[in-house]
Amino acid sequence: AGLDGPLMCWLWTPGDPWDAGIEADLDMSVSAMWALREVTAAARAAGRPARVQLKADTGLGRNGCQPADWPELVGAALAAQEAGEVRVTGLWSHFACADEPGHPSIAAQLDVFHEMVAHAEKEGVEPEVRHIANSAAALTLPEAHFDLVRPGIATYGISPSPELGRPADFGLRPVMTLSASLALVKQVPEGHGVSYGHTYRTPRETTLGLVPLGYADGIPRHASGRGPVLVGEGPAWRRVAGRVAMDQFVVDLGGESVAEGTRAVLFGPGDLGEPTADDWAEAADTIAYEIVTRIGARVPRVYLNEDAGQESR
């Protein structure tokens, strides 16, 4: 893609292509001795040192090295660095509850990170970067910023948590819009079943609109009967009528005469009264992270303002 800044790759599993990571000059995250052994073996074979960042488990209980195992990992990494097999470029961790203001784990993890970083630096690690802050911490915890922050959901312009505030409270604006053109509009009588299982029946004679997106495209089936959609100029939201199917779902247009090809917006920034990713998250009993990241490869991407304000595809 032409990006020449540092890139980190993490969540490795045994047997992964460390050699390709070395060739691409990636920073590769190491959380355990087995990973350090594999990356150093790949570095010896490549004849050049690997750039590695050591990840600490400060309390998330997911990926990362436990404090009790940290001295061994740090010592082995420094020995490998002395042998010219690796360059320890970073020390990092991840918060568990930064999106829950005041959660006691936030301060506890920050304290542990300070301790683990201090140990590594005392032993001789000279990291280029130290980092722990996700979107929530980047927005609300300046004391956790260290050398860099890692905005994830914030890059979509979405707040990490309703508890923290709305996007506008942080100067964020949602950047992703999901829409489709109605594939079919038809009139049906009262009591007509809609989609699999007939969980929805028309309460009156009405018109139905077919939206050509389904769970194979990332539309959550859990939002069946609840997912909001703005059809055309609105202003009223329509709801998914019946079950979301693999490739499509239906909205009850309430008898409104709408042409095929009319735009149906599932979510966007809300500028035109359309639903947002947060609205879909509420409808599917999930979080906005899942809504924006689950949209599948079948859905075409249209990028705006990519080249001096010009639209490109």
# chains A, B, ... in the order shown; residues from 1 in each chain; ligands from 1
>>> select_by_dssp(residues="range 58-300 of chain A", states="alpha helix (DSSP H)", output="PyMOL selection string")
chain A and resi 70-82+104-123+135-140+277-283+288-293
>>> select_by_dssp(residues="range 5-215 of chain A", states="strand (DSSP E)", output="PyMOL selection string")
chain A and resi 8-9+27-30+50-55+86-92+129-131+178-181+184-188+193-194+200-201+206-211
>>> residues_around(residues="range 284-294 of chain A", least_positions_apart="4", cutoff="10 Å", atoms="only C-alpha atoms", output="PyMOL selection string")
chain A and resi 152-154+156+158-162+176-178+215-227+267+276-280
>>> closest_residue(among="A:His94, A:Ala118, A:Asp147, A:Trp70", to="Ala133 in chain A", atoms="only C-alpha atoms")
A:His94
>>> atom_distance(atom1="CA of Val194 in chain A", atom2="CA of Gly255 in chain A")
15.0 Å
>>> closest_residue(among="A:Gly2, A:Pro228, A:Pro49, A:Gly254", to="Lys186 in chain A", atoms="only C-alpha atoms")
A:Gly254
>>> closest_residue(among="A:Leu54, A:Val39, A:Leu253, A:Ala108", to="Leu210 in chain A", atoms="only C-alpha atoms")
A:Leu253
>>> residues_around(residues="Asp99 in chain A", least_positions_apart="5", cutoff="10 Å", atoms="only C-alpha atoms", output="ChimeraX atom specification")
/A:106,134-137,139-140,159-165
>>> atom_distance(atom1="CA of Trp92 in chain A", atom2="CA of Ile295 in chain A")
29.2 Å
>>> residues_around(residues="Ala79 in chain A", least_positions_apart="3", cutoff="12 Å", atoms="only C-alpha atoms", output="ChimeraX atom specification")
/A:36-37,40,72-76,82-88,123-125
>>> atom_distance(atom1="CA of Arg263 in chain A", atom2="CA of Glu233 in chain A")
8.8 Å
>>> closest_residue(among="A:Val112, A:Met33, A:Gln53, A:Pro212", to="Trp10 in chain A", atoms="only C-alpha atoms")
A:Gln53
>>> closest_residue(among="A:Glu115, A:Gly268, A:Phe249, A:Val188", to="Arg173 in chain A", atoms="only C-alpha atoms")
A:Gly268
